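Listing of upload_22.cif, mmCIF, C-alpha atoms and all ligand atoms
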data_upload
#
loop_
_atom_site.label_atom_id
_atom_site.label_comp_id
_atom_site.auth_asym_id
_atom_site.auth_seq_id
_atom_site.Cartn_x
_atom_site.Cartn_y
_atom_site.Cartn_z
CA MET A 1 91.32 122.81 80.61
CA LYS A 2 90.87 124.14 84.12
CA PHE A 3 89.03 122.53 87.04
CA ASP A 4 86.57 125.42 86.71
CA ASP A 5 85.47 124.00 83.36
CA TYR A 6 84.55 120.58 84.80
CA SER A 7 81.00 119.61 85.62
CA ILE A 8 81.75 118.96 89.27
CA PRO A 9 80.05 120.66 92.25
CA ALA A 10 81.03 124.27 92.99
CA GLU A 11 82.08 123.35 96.56
CA ILE A 12 84.65 120.96 95.23
CA LYS A 13 85.96 123.49 92.73
CA ARG A 14 86.44 125.88 95.62
CA ASN A 15 88.30 123.24 97.64
CA LEU A 16 90.59 122.56 94.70
CA ALA A 17 91.28 126.27 94.33
CA ASP A 18 92.10 126.43 98.06
CA LEU A 19 94.57 123.58 97.55
CA GLY A 20 96.16 125.58 94.74
CA PHE A 21 95.04 123.03 92.12
CA ARG A 22 94.07 125.02 89.04
CA LYS A 23 94.62 122.61 86.17
CA PRO A 24 94.34 118.82 86.22
CA THR A 25 97.54 116.84 85.81
CA ASP A 26 97.67 114.41 82.85
CA ILE A 27 96.40 111.46 84.81
CA GLN A 28 93.63 113.56 86.34
CA PHE A 29 92.66 114.86 82.90
CA LYS A 30 92.42 111.31 81.58
CA SER A 31 90.82 109.55 84.58
CA ILE A 32 88.22 111.99 85.84
CA PRO A 33 85.81 111.82 82.85
CA PRO A 34 85.55 107.98 82.64
CA ILE A 35 85.18 107.69 86.42
CA LEU A 36 82.41 110.31 86.33
CA LYS A 37 80.77 108.22 83.60
CA GLY A 38 80.75 105.18 85.87
CA GLU A 39 83.52 103.17 84.27
CA ASP A 40 86.01 100.90 86.02
CA VAL A 41 89.52 102.23 85.62
CA LEU A 42 93.04 100.87 85.82
CA ALA A 43 95.33 103.89 85.79
CA ILE A 44 99.07 103.63 85.55
CA ALA A 45 100.88 106.92 85.89
CA GLN A 46 104.31 107.93 87.11
CA THR A 47 105.01 108.73 90.74
CA GLY A 48 104.13 112.20 91.96
CA THR A 49 101.67 112.91 89.14
CA GLY A 50 98.60 113.39 91.35
CA LYS A 51 96.93 109.98 91.28
CA THR A 52 95.23 110.51 94.65
CA ALA A 53 93.20 113.48 93.44
CA ALA A 54 92.60 111.66 90.13
CA PHE A 55 90.31 109.28 92.01
CA ALA A 56 89.29 111.50 94.94
CA ILE A 57 87.90 114.37 92.81
CA PRO A 58 85.38 112.33 90.77
CA VAL A 59 84.42 110.04 93.67
CA VAL A 60 83.77 112.92 96.07
CA SER A 61 81.85 114.74 93.32
CA MET A 62 79.61 111.77 92.62
CA LEU A 63 78.99 110.96 96.27
CA TYR A 64 78.13 114.58 96.96
CA GLU A 65 75.67 114.72 94.09
CA ARG A 66 74.10 111.40 94.98
CA ARG A 67 73.86 112.45 98.58
CA ASN A 68 71.39 115.09 97.51
CA ALA A 69 69.26 112.20 96.22
CA ARG A 70 69.02 111.07 99.89
CA ARG A 71 70.69 107.74 99.65
CA ALA A 72 70.84 105.38 102.60
CA ASP A 73 73.66 105.63 105.12
CA GLY A 74 76.75 103.45 105.27
CA ILE A 75 80.27 103.36 103.83
CA LYS A 76 80.06 104.27 100.15
CA CYS A 77 83.68 104.32 99.19
CA LEU A 78 86.38 101.94 100.38
CA VAL A 79 90.01 102.78 99.62
CA MET A 80 92.55 100.06 100.39
CA VAL A 81 96.22 100.91 100.87
CA PRO A 82 99.31 99.04 102.08
CA THR A 83 100.42 101.17 105.05
CA ARG A 84 99.03 103.25 107.87
CA GLU A 85 101.00 106.32 106.81
CA LEU A 86 99.50 106.14 103.34
CA ALA A 87 96.01 105.65 104.82
CA LEU A 88 96.40 108.89 106.78
CA GLN A 89 97.82 110.78 103.83
CA ILE A 90 95.02 109.73 101.50
CA ALA A 91 92.38 110.45 104.13
CA GLY A 92 93.89 113.94 104.32
CA VAL A 93 93.49 114.47 100.57
CA PHE A 94 89.88 113.22 100.65
CA GLU A 95 89.12 115.51 103.59
CA GLN A 96 90.47 118.54 101.78
CA ILE A 97 88.58 117.78 98.59
CA ALA A 98 85.38 117.01 100.52
CA ARG A 99 85.41 120.12 102.73
CA HIS A 100 81.97 121.72 103.18
CA THR A 101 80.25 118.80 101.47
CA GLY A 102 79.19 117.06 104.68
CA LEU A 103 80.84 113.84 103.49
CA LYS A 104 82.64 112.05 106.30
CA VAL A 105 86.08 110.58 105.76
CA PHE A 106 87.80 108.21 108.15
CA CYS A 107 90.70 105.78 108.17
CA VAL A 108 91.44 102.58 110.09
CA PHE A 109 94.78 100.83 110.49
CA GLY A 110 96.46 98.54 112.96
CA GLY A 111 98.99 99.30 115.68
CA VAL A 112 96.67 101.60 117.64
CA GLU A 113 93.67 101.01 119.94
CA GLN A 114 90.46 99.83 118.33
CA GLY A 115 88.13 101.74 120.63
CA PRO A 116 88.26 105.20 119.04
CA GLN A 117 88.05 103.65 115.56
CA ILE A 118 84.93 101.72 116.54
CA ALA A 119 83.35 104.88 117.95
CA GLN A 120 83.94 106.68 114.64
CA LEU A 121 82.59 103.79 112.62
CA GLU A 122 79.44 103.72 114.74
CA ALA A 123 78.97 107.45 114.24
CA GLY A 124 78.75 106.80 110.49
CA LEU A 125 80.95 107.73 107.58
CA ASP A 126 80.99 107.87 103.79
CA ILE A 127 84.59 107.25 102.76
CA LEU A 128 86.78 104.70 104.53
CA ILE A 129 90.51 104.37 103.90
CA ALA A 130 91.93 101.17 105.35
CA THR A 131 94.85 98.80 105.59
CA PRO A 132 93.66 95.20 105.24
CA GLY A 133 94.61 93.74 108.65
CA ARG A 134 92.69 96.04 110.99
CA MET A 135 89.85 96.35 108.52
CA PHE A 136 89.21 92.59 108.62
CA ASP A 137 89.33 92.55 112.41
CA LEU A 138 86.62 95.20 112.44
CA VAL A 139 84.58 93.47 109.72
CA SER A 140 84.64 90.18 111.60
CA GLN A 141 83.47 91.95 114.76
CA GLY A 142 80.60 93.47 112.82
CA TYR A 143 81.73 97.11 113.07
CA ILE A 144 82.22 97.56 109.34
CA ARG A 145 79.48 96.75 106.86
CA PHE A 146 79.90 97.01 103.14
CA GLN A 147 76.35 96.73 101.74
CA ARG A 148 76.32 100.35 100.56
CA VAL A 149 79.75 100.44 98.95
CA GLU A 150 79.65 102.03 95.50
CA PHE A 151 83.38 102.50 94.98
CA LEU A 152 86.30 100.18 95.67
CA ILE A 153 89.69 101.80 95.14
CA LEU A 154 93.04 100.07 95.35
CA ASP A 155 95.91 102.53 95.56
CA GLU A 156 99.39 101.09 94.96
CA ALA A 157 97.30 98.48 93.15
CA ASP A 158 100.12 96.21 92.02
CA HIS A 159 101.33 95.91 95.59
CA MET A 160 97.81 95.34 96.93
CA LEU A 161 97.17 92.60 94.36
CA ASP A 162 100.49 90.92 94.99
CA LEU A 163 101.04 87.83 97.12
CA GLY A 164 100.83 89.39 100.55
CA PHE A 165 97.47 91.04 100.09
CA ILE A 166 95.61 89.29 97.27
CA LYS A 167 93.69 86.94 99.54
CA ASP A 168 92.52 89.89 101.66
CA ILE A 169 91.37 91.73 98.56
CA GLN A 170 89.50 88.70 97.23
CA ASP A 171 87.85 88.30 100.63
CA VAL A 172 86.75 91.90 100.78
CA ILE A 173 85.32 91.77 97.28
CA ARG A 174 83.02 88.97 98.43
CA PHE A 175 81.45 91.38 100.91
CA LEU A 176 80.88 94.17 98.39
CA PRO A 177 77.80 94.74 96.25
CA ARG A 178 78.27 93.44 92.70
CA LYS A 179 77.12 96.73 91.31
CA ARG A 180 80.00 99.05 92.09
CA GLN A 181 82.84 100.89 90.46
CA THR A 182 86.36 99.51 90.89
CA LEU A 183 89.39 101.74 90.45
CA PHE A 184 93.02 100.64 90.41
CA PHE A 185 95.86 103.16 90.61
CA SER A 186 99.60 102.58 90.56
CA ALA A 187 102.89 103.73 89.09
CA THR A 188 103.89 100.21 88.12
CA ILE A 189 102.10 97.05 87.03
CA ASN A 190 103.08 93.80 85.37
CA GLU A 191 101.11 91.51 83.04
CA LYS A 192 100.24 88.98 85.73
CA ILE A 193 98.82 91.62 88.06
CA LYS A 194 97.04 93.29 85.18
CA LYS A 195 95.22 90.03 84.40
CA LEU A 196 94.32 89.64 88.03
CA ALA A 197 92.93 93.18 88.08
CA TYR A 198 90.77 92.42 85.04
CA SER A 199 89.41 89.31 86.74
CA LEU A 200 88.13 91.37 89.64
CA VAL A 201 85.87 93.72 87.69
CA HIS A 202 82.77 93.34 85.55
CA ASN A 203 83.04 96.30 83.24
CA ALA A 204 85.75 96.77 80.70
CA ILE A 205 88.64 98.57 82.26
CA ARG A 206 90.22 101.59 80.72
CA ILE A 207 93.93 101.89 80.97
CA GLN A 208 94.70 105.54 81.22
CA ILE A 209 98.39 106.12 80.89
CA SER A 210 101.16 103.60 80.58
CA PRO A 211 104.28 105.70 80.45
CA LYS A 212 107.15 104.23 78.42
CA ASP A 213 109.54 105.45 81.03
CA PRO A 214 108.14 104.61 84.47
CA VAL A 215 110.46 107.19 86.07
CA ALA A 216 109.11 110.72 85.75
CA LYS A 217 111.28 113.02 83.67
CA ASN A 218 111.79 115.51 86.50
CA ILE A 219 113.77 112.87 88.38
CA ASP A 220 117.45 112.76 87.49
CA HIS A 221 118.64 109.31 88.55
CA SER A 222 121.99 107.61 88.31
CA VAL A 223 124.07 104.77 89.69
CA VAL A 224 127.43 104.97 91.48
CA PHE A 225 129.65 101.90 91.79
CA VAL A 226 130.81 101.66 95.39
CA GLY A 227 132.19 98.78 97.45
CA MET A 228 129.67 97.40 99.96
CA ASP A 229 131.82 98.43 102.96
CA ASP A 230 132.51 101.89 101.55
CA LYS A 231 128.89 102.87 101.13
CA ARG A 232 128.72 104.59 104.52
CA PHE A 233 131.62 106.88 103.65
CA PHE A 234 129.90 107.99 100.49
CA LEU A 235 126.64 108.55 102.32
CA GLU A 236 128.48 110.60 104.95
CA ARG A 237 130.14 112.69 102.27
CA MET A 238 126.91 113.22 100.40
CA ILE A 239 125.09 114.36 103.55
CA LYS A 240 127.92 116.63 104.72
CA GLU A 241 128.19 118.25 101.32
CA HIS A 242 124.46 119.00 101.34
CA PRO A 243 123.75 120.02 104.94
CA ASP A 244 120.52 121.82 104.07
CA SER A 245 119.06 119.14 101.84
CA LYS A 246 116.33 116.67 102.70
CA ILE A 247 117.71 113.23 101.99
CA LEU A 248 115.76 109.97 101.93
CA VAL A 249 117.95 106.87 102.20
CA PHE A 250 116.65 103.43 101.25
CA VAL A 251 118.04 100.22 102.67
CA ARG A 252 117.09 96.58 102.16
CA THR A 253 116.16 95.56 105.71
CA LYS A 254 115.07 96.94 109.07
CA VAL A 255 118.36 95.79 110.64
CA ARG A 256 120.37 97.61 107.99
CA ALA A 257 118.31 100.74 108.59
CA GLU A 258 119.36 100.76 112.25
CA ARG A 259 122.98 100.04 111.31
CA VAL A 260 123.16 102.93 108.91
CA LEU A 261 121.65 105.17 111.60
CA LYS A 262 124.40 104.09 114.02
CA ALA A 263 127.12 104.62 111.43
CA LEU A 264 125.83 108.14 110.80
CA GLU A 265 125.61 108.80 114.53
CA ARG A 266 129.33 108.02 114.84
CA VAL A 267 130.12 110.80 112.40
CA SER A 268 127.73 113.25 114.13
CA ILE A 269 124.94 113.09 111.57
CA VAL A 270 121.44 113.10 113.00
CA SER A 271 119.04 110.80 111.20
CA GLN A 272 115.88 108.79 111.84
CA THR A 273 114.62 105.42 110.64
CA ILE A 274 111.21 104.28 109.49
CA HIS A 275 110.30 100.63 109.04
CA GLY A 276 107.78 97.98 110.01
CA ASP A 277 109.29 97.18 113.41
CA LYS A 278 108.67 100.66 114.76
CA GLU A 279 105.74 101.61 116.93
CA GLN A 280 103.00 103.41 115.07
CA ARG A 281 103.43 106.56 117.15
CA ASP A 282 107.16 106.65 116.41
CA ARG A 283 106.58 106.14 112.72
CA LEU A 284 104.19 109.05 112.47
CA GLN A 285 106.42 111.27 114.54
CA VAL A 286 109.47 110.45 112.45
CA LEU A 287 107.58 111.10 109.23
CA ASN A 288 106.39 114.45 110.56
CA GLN A 289 109.86 115.48 111.62
CA PHE A 290 111.11 114.67 108.14
CA ARG A 291 108.16 116.42 106.53
CA THR A 292 108.78 119.62 108.49
CA GLY A 293 112.55 119.36 108.04
CA VAL A 294 113.42 119.04 111.75
CA VAL A 295 115.22 115.87 110.69
CA LYS A 296 116.93 116.09 107.32
CA VAL A 297 117.96 112.47 106.85
CA LEU A 298 115.45 109.63 106.90
CA ILE A 299 116.45 106.00 106.47
CA ALA A 300 113.61 103.85 105.16
CA THR A 301 112.71 100.38 103.95
CA ASP A 302 110.62 99.86 100.81
CA VAL A 303 107.11 99.35 102.09
CA SER A 304 107.23 102.16 104.62
CA ALA A 305 107.70 104.71 101.86
CA ARG A 306 105.33 103.50 99.10
CA GLY A 307 103.08 106.31 97.94
CA ILE A 308 104.23 108.72 100.65
CA ASP A 309 104.09 112.32 99.44
CA ILE A 310 106.67 114.47 101.21
CA PRO A 311 107.40 117.82 99.64
CA ASN A 312 110.94 118.96 98.93
CA VAL A 313 112.86 115.73 99.22
CA ASP A 314 116.04 116.83 97.44
CA TYR A 315 117.80 113.49 97.17
CA VAL A 316 116.88 109.83 97.25
CA ILE A 317 119.83 107.55 97.96
CA ASN A 318 119.50 103.85 97.32
CA TYR A 319 122.03 102.74 99.89
CA ASP A 320 121.10 99.20 98.89
CA LEU A 321 119.52 98.35 95.58
CA PRO A 322 115.91 97.15 95.90
CA GLU A 323 115.27 93.42 95.52
CA GLN A 324 112.03 94.02 93.60
CA PRO A 325 112.91 95.94 90.44
CA GLU A 326 109.64 97.92 90.47
CA ASN A 327 110.54 99.29 93.88
CA TYR A 328 113.32 101.24 92.19
CA VAL A 329 110.60 103.32 90.54
CA HIS A 330 108.72 103.79 93.81
CA ARG A 331 111.87 104.77 95.70
CA VAL A 332 113.23 107.36 93.28
CA GLY A 333 109.66 108.60 92.93
CA ARG A 334 109.75 110.03 96.48
CA THR A 335 111.65 112.99 95.02
CA GLY A 336 110.61 115.18 92.09
CA ARG A 337 106.95 115.31 93.21
CA GLY A 338 104.50 117.31 91.13
CA THR A 339 106.42 119.93 89.19
CA GLN A 340 109.48 119.81 91.45
CA LYS A 341 112.80 118.40 90.34
CA GLY A 342 114.62 115.68 92.20
CA GLN A 343 117.81 113.68 92.15
CA ALA A 344 118.44 110.04 93.00
CA PHE A 345 121.67 108.08 93.38
CA SER A 346 121.97 104.32 93.74
CA PHE A 347 125.01 102.82 95.41
CA CYS A 348 125.74 99.58 93.62
CA SER A 349 128.34 97.16 94.97
CA PRO A 350 129.84 94.43 92.79
CA GLU A 351 127.62 91.81 94.44
CA GLU A 352 124.54 93.88 93.59
CA LYS A 353 125.28 94.05 89.88
CA PRO A 354 122.71 91.33 88.99
CA MET A 355 120.03 93.41 90.76
CA LEU A 356 121.03 96.44 88.76
CA ASP A 357 120.67 94.40 85.56
CA GLU A 358 117.16 93.39 86.58
CA ILE A 359 116.18 96.98 87.36
CA GLU A 360 117.51 98.15 83.99
CA GLN A 361 115.54 95.40 82.31
CA PHE A 362 112.42 96.58 84.10
CA LEU A 363 113.08 100.18 83.04
CA THR A 364 113.94 98.93 79.53
CA LYS A 365 116.97 101.21 79.52
CA PRO A 366 120.33 101.57 81.25
CA ILE A 367 120.69 103.90 84.23
CA LYS A 368 123.21 106.69 83.86
CA VAL A 369 126.53 105.92 85.60
CA VAL A 370 128.36 108.51 87.67
CA SER A 371 131.99 107.48 87.67
CA ILE A 372 134.16 108.42 90.61
CA ASP A 373 137.75 109.41 90.12
CA PRO A 374 139.91 106.85 92.03
CA GLU A 375 141.54 109.71 93.94
CA VAL A 376 138.19 111.07 95.03
CA TYR A 377 137.19 107.56 96.02
CA GLU A 378 140.23 107.16 98.28
CA GLU A 379 139.79 110.62 99.72
CA THR A 380 136.13 109.93 100.55
CA VAL A 381 137.07 106.82 102.45
CA ASP A 382 140.13 108.41 104.13
CA THR A 383 138.57 111.65 105.32
CA SER A 384 135.50 110.06 106.87
CA ASP A 385 134.95 111.28 110.42
CA ASP A 386 134.37 107.67 111.29
CA ALA A 387 138.13 107.24 111.10
CA LYS A 388 138.62 109.62 114.07
CA PHE A 389 136.20 107.60 116.20
CA ASP A 390 138.76 106.00 118.53
CA LEU A 391 142.17 104.54 118.21
CA LYS A 392 141.16 100.90 118.18
CA ALA A 393 138.45 101.46 115.65
CA LEU A 394 140.87 103.59 113.69
CA MET A 395 143.40 100.82 113.53
CA GLN A 396 140.86 98.24 112.55
CA GLU A 397 139.37 100.55 110.03
CA ALA A 398 142.76 101.20 108.53
CA GLU A 399 143.45 97.53 108.23
CA GLU A 400 140.14 96.91 106.55
CA LEU A 401 140.62 99.80 104.23
CA GLU A 402 144.05 98.58 103.35
CA LYS A 403 142.66 95.19 102.48
CA GLY A 404 139.89 96.75 100.46
CA ARG A 405 142.31 98.95 98.62
CA LYS A 406 144.55 96.06 97.75
CA LYS A 407 141.57 94.15 96.50
CA ARG A 408 140.52 97.09 94.39
CA LYS A 409 144.01 97.52 93.00
CA LYS A 410 144.15 93.89 92.01
CA LYS A 411 140.96 94.26 89.94
P1 LIG A 501 101.00 110.06 93.06
O1 LIG A 501 99.98 109.28 93.86
O2 LIG A 501 100.74 110.06 91.60
O3 LIG A 501 102.41 109.65 93.38
P2 LIG A 501 100.08 112.28 94.71
O4 LIG A 501 98.62 112.07 94.54
O5 LIG A 501 100.68 111.87 96.00
O6 LIG A 501 100.90 111.59 93.51
O7 LIG A 501 100.35 113.83 94.39
C1 LIG A 501 101.64 114.36 94.27
C2 LIG A 501 101.66 115.85 94.60
O8 LIG A 501 101.02 116.61 93.57
C3 LIG A 501 100.87 116.17 95.87
O9 LIG A 501 101.67 116.96 96.70
C4 LIG A 501 99.64 116.92 95.40
O10 LIG A 501 99.21 117.87 96.32
C5 LIG A 501 100.09 117.55 94.09
N1 LIG A 501 99.00 117.72 93.10
C6 LIG A 501 98.09 116.79 92.73
N2 LIG A 501 97.24 117.27 91.78
C7 LIG A 501 97.62 118.55 91.53
C8 LIG A 501 97.14 119.58 90.63
N3 LIG A 501 96.11 119.37 89.80
N4 LIG A 501 97.77 120.77 90.66
C9 LIG A 501 98.82 120.97 91.49
N5 LIG A 501 99.33 120.06 92.34
C10 LIG A 501 98.75 118.85 92.37
MG MG A 502 99.96 107.73 95.19
#
Please rewrite the model in this file as structure tokens.
Ligand code: ADP
Ligand code: MG
Amino acid sequence: MKFDDYSIPAEIKRNLADLGFRKPTDIQFKSIPPILKGEDVLAIAQTGTGKTAAFAIPVVSMLYERRNARRADGIKCLVMVPTRELALQIAGVFEQIARHTGLKVFCVFGGVEQGPQIAQLEAGLDILIATPGRMFDLVSQGYIRFQRVEFLILDEADHMLDLGFIKDIQDVIRFLPRKRQTLFFSATINEKIKKLAYSLVHNAIRIQISPKDPVAKNIDHSVVFVGMDDKRFFLERMIKEHPDSKILVFVRTKVRAERVLKALERVSIVSQTIHGDKEQRDRLQVLNQFRTGVVKVLIATDVSARGIDIPNVDYVINYDLPEQPENYVHRVGRTGRGTQKGQAFSFCSPEEKPMLDEIEQFLTKPIKVVSIDPEVYEETVDTSDDAKFDLKALMQEAEELEKGRKKRKKK
């Protein structure tokens, strides 16, 4: 089936053709008809399979058709997302799909001035994409009204319904008309969150796709056992062996992100970091530099990368294993988007082994192990440019390495 065969407005078909979307992806094929019929939907589909358009296409189509019936003004679709970057990305997709329809799309998020956002809200809009914090500020000041909302969409739904956000979501639902369509989309969900999702809607929910393997098959992912202190040498080697590749590196904390950046700097590798402590302007700039390939290595924390769609990420490296097992799926899912192929490696130190077990439990299968020849291991550590840094560091390094080696030999 092609998009041409759908009963959606011709303008939208043209926009999809302009985007190069000819055929729906699986999740689009399965979600679009029930959404068009007015059903509530909980859709679970692997990363990179086109979930954004799976909700944007039917919602824009319906709003456009209803618009012709001269409905009253006001926000008609509210999309809630965890981060500002994701808000902008999803607004971009809505804008492209809604071109030439007259529907207005806008997004609000914190970390920037309120003024321009208020001006836009006053000017009127149809589709609002928002992160919870700023949205509530604007609601409480009376700049956002929800009486006309017909669609509530939670993207990264499991994350939005989890501890940090659930109260916000429950609060927002109180403001919304009872008669509305609610759509949940995510790549991962657990039983508890699923129950919570059910409790928030009136109609029966349809579950579209629950893949047995939450990791898409175009992502080749494996684990490498590396000592905690040796990880930087392996990252250095990996980057130097693939100078033209786009590499996304995940670490556990903001502090570790900055440390890895410094370690790479010492061996003349240019990288950037993205995490919650950065100014909004910096975050967007960094993401753009990575998107366009000006910077080839980006070091990120979990939340900052959820849902982000960057083309041509060749490798994802889990420098640290994620503490939340489902984040493994979201991290490796930043590569192998759409029909592209991608590769992911996780560095697992002995102390992280319990986390690896949890992740494998979540995936319901073991992750392939790449074993490193002991000679290659030594060579990787020995030939690091970090060793040439300065004499003092060199000596210290050598001592540490020696200790590490002895420890390894003992094992
Ligand atoms: P998900 O939310 O499932 O992780 P996205 O919505 O971010 O995935 O989409 C992943 C990529 O697939 C995007 O770059 C998007 O442009 C592309 N894409 C989506 N739908 C189609 C389609 N029908 N045909 C071709 N490419 C598509
Ligand atoms: Mg998505």
Identify the residues around (101.3, 100.2, 103.6) within a radius of 8 Å, measuring from only C-alpha atoms in the coordinates stated by the file, and give them as an mmCIF file with C-alpha atoms, in the frame of the given file.
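Ended up saving to point-v6.cif:
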data_model
loop_
_atom_site.group_PDB
_atom_site.id
_atom_site.type_symbol
_atom_site.label_atom_id
_atom_site.label_comp_id
_atom_site.auth_asym_id
_atom_site.auth_seq_id
_atom_site.Cartn_x
_atom_site.Cartn_y
_atom_site.Cartn_z
ATOM 1 C CA VAL A 81 96.220 100.910 100.870
ATOM 2 C CA PRO A 82 99.310 99.040 102.080
ATOM 3 C CA THR A 83 100.420 101.170 105.050
ATOM 4 C CA ARG A 84 99.030 103.250 107.870
ATOM 5 C CA GLU A 85 101.000 106.320 106.810
ATOM 6 C CA LEU A 86 99.500 106.140 103.340
ATOM 7 C CA ALA A 87 96.010 105.650 104.820
ATOM 8 C CA THR A 131 94.850 98.800 105.590
ATOM 9 C CA VAL A 303 107.110 99.350 102.090
ATOM 10 C CA SER A 304 107.230 102.160 104.620
ATOM 11 C CA ARG A 306 105.330 103.500 99.100
#
Between CA of Leu138 in chain A and atom P1 of ligand LIG 501 (chain A), what is the spacing in Å?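 Pair atom P1 of ligand LIG 501 (chain A) / CA of Leu138 in chain A returns 28.3 Å.
Take the candidates A:Ala157, A:Val41, A:Val149, A:Met135 and check each one against Asp171 in chain A using all atoms listed in the file; the shortest distance goes to A:Met135.
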Mind listing the residues within 9 Å of ligand MG 502 (chain A), all atoms listed in the file counted, as a list in words?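 If we count all atoms listed in the file, the neighbours of ligand MG 502 (chain A) turn out to be Thr47, Gly48, Thr49, Gly50, Lys51, Thr52, Leu86, Ile90, Asp155, Glu156, Phe185, Ser186, Ala187, Arg306, Gly307, Ile308 and Asp309 of chain A.
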Write a file of the selected residues as a PDB file, keeping the file's coordinate frame, keeping C-alpha atoms.
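Below is the file result.pdb, written as the result:
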ATOM      1  CA  THR A  47     105.010 108.730  90.740  1.00  0.00           C
ATOM      2  CA  GLY A  48     104.130 112.200  91.960  1.00  0.00           C
ATOM      3  CA  THR A  49     101.670 112.910  89.140  1.00  0.00           C
ATOM      4  CA  GLY A  50      98.600 113.390  91.350  1.00  0.00           C
ATOM      5  CA  LYS A  51      96.930 109.980  91.280  1.00  0.00           C
ATOM      6  CA  THR A  52      95.230 110.510  94.650  1.00  0.00           C
ATOM      7  CA  LEU A  86      99.500 106.140 103.340  1.00  0.00           C
ATOM      8  CA  ILE A  90      95.020 109.730 101.500  1.00  0.00           C
ATOM      9  CA  ASP A 155      95.910 102.530  95.560  1.00  0.00           C
ATOM     10  CA  GLU A 156      99.390 101.090  94.960  1.00  0.00           C
ATOM     11  CA  PHE A 185      95.860 103.160  90.610  1.00  0.00           C
ATOM     12  CA  SER A 186      99.600 102.580  90.560  1.00  0.00           C
ATOM     13  CA  ALA A 187     102.890 103.730  89.090  1.00  0.00           C
ATOM     14  CA  ARG A 306     105.330 103.500  99.100  1.00  0.00           C
ATOM     15  CA  GLY A 307     103.080 106.310  97.940  1.00  0.00           C
ATOM     16  CA  ILE A 308     104.230 108.720 100.650  1.00  0.00           C
ATOM     17  CA  ASP A 309     104.090 112.320  99.440  1.00  0.00           C
TER      18      ASP A 309
END
Need the shell around Thr339 in chain A: protein/DNA/RNA residues with any atom at most 12 Å away, counting only C-alpha atoms. Skip same-chain ones fewer than 2 positions apart. Format as a CSV table (one decimal) with C-alpha atoms, keeping the file's coordinate frame?
chain,number,residue,atom,x,y,z
A,25,THR,CA,97.5,116.8,85.8
A,47,THR,CA,105.0,108.7,90.7
A,48,GLY,CA,104.1,112.2,92.0
A,49,THR,CA,101.7,112.9,89.1
A,50,GLY,CA,98.6,113.4,91.4
A,216,ALA,CA,109.1,110.7,85.8
A,217,LYS,CA,111.3,113.0,83.7
A,218,ASN,CA,111.8,115.5,86.5
A,219,ILE,CA,113.8,112.9,88.4
A,311,PRO,CA,107.4,117.8,99.6
A,312,ASN,CA,110.9,119.0,98.9
A,335,THR,CA,111.6,113.0,95.0
A,336,GLY,CA,110.6,115.2,92.1
A,337,ARG,CA,107.0,115.3,93.2
A,341,LYS,CA,112.8,118.4,90.3
A,342,GLY,CA,114.6,115.7,92.2
Which one is closest to Phe94 in chain A: A:Gln147, A:Ser61, A:Thr383, A:Ser199? Count all atoms listed in the file.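 Of A:Gln147, A:Ser61, A:Thr383, A:Ser199, the one nearest Phe94 in chain A is A:Ser61, counting all atoms listed in the file.
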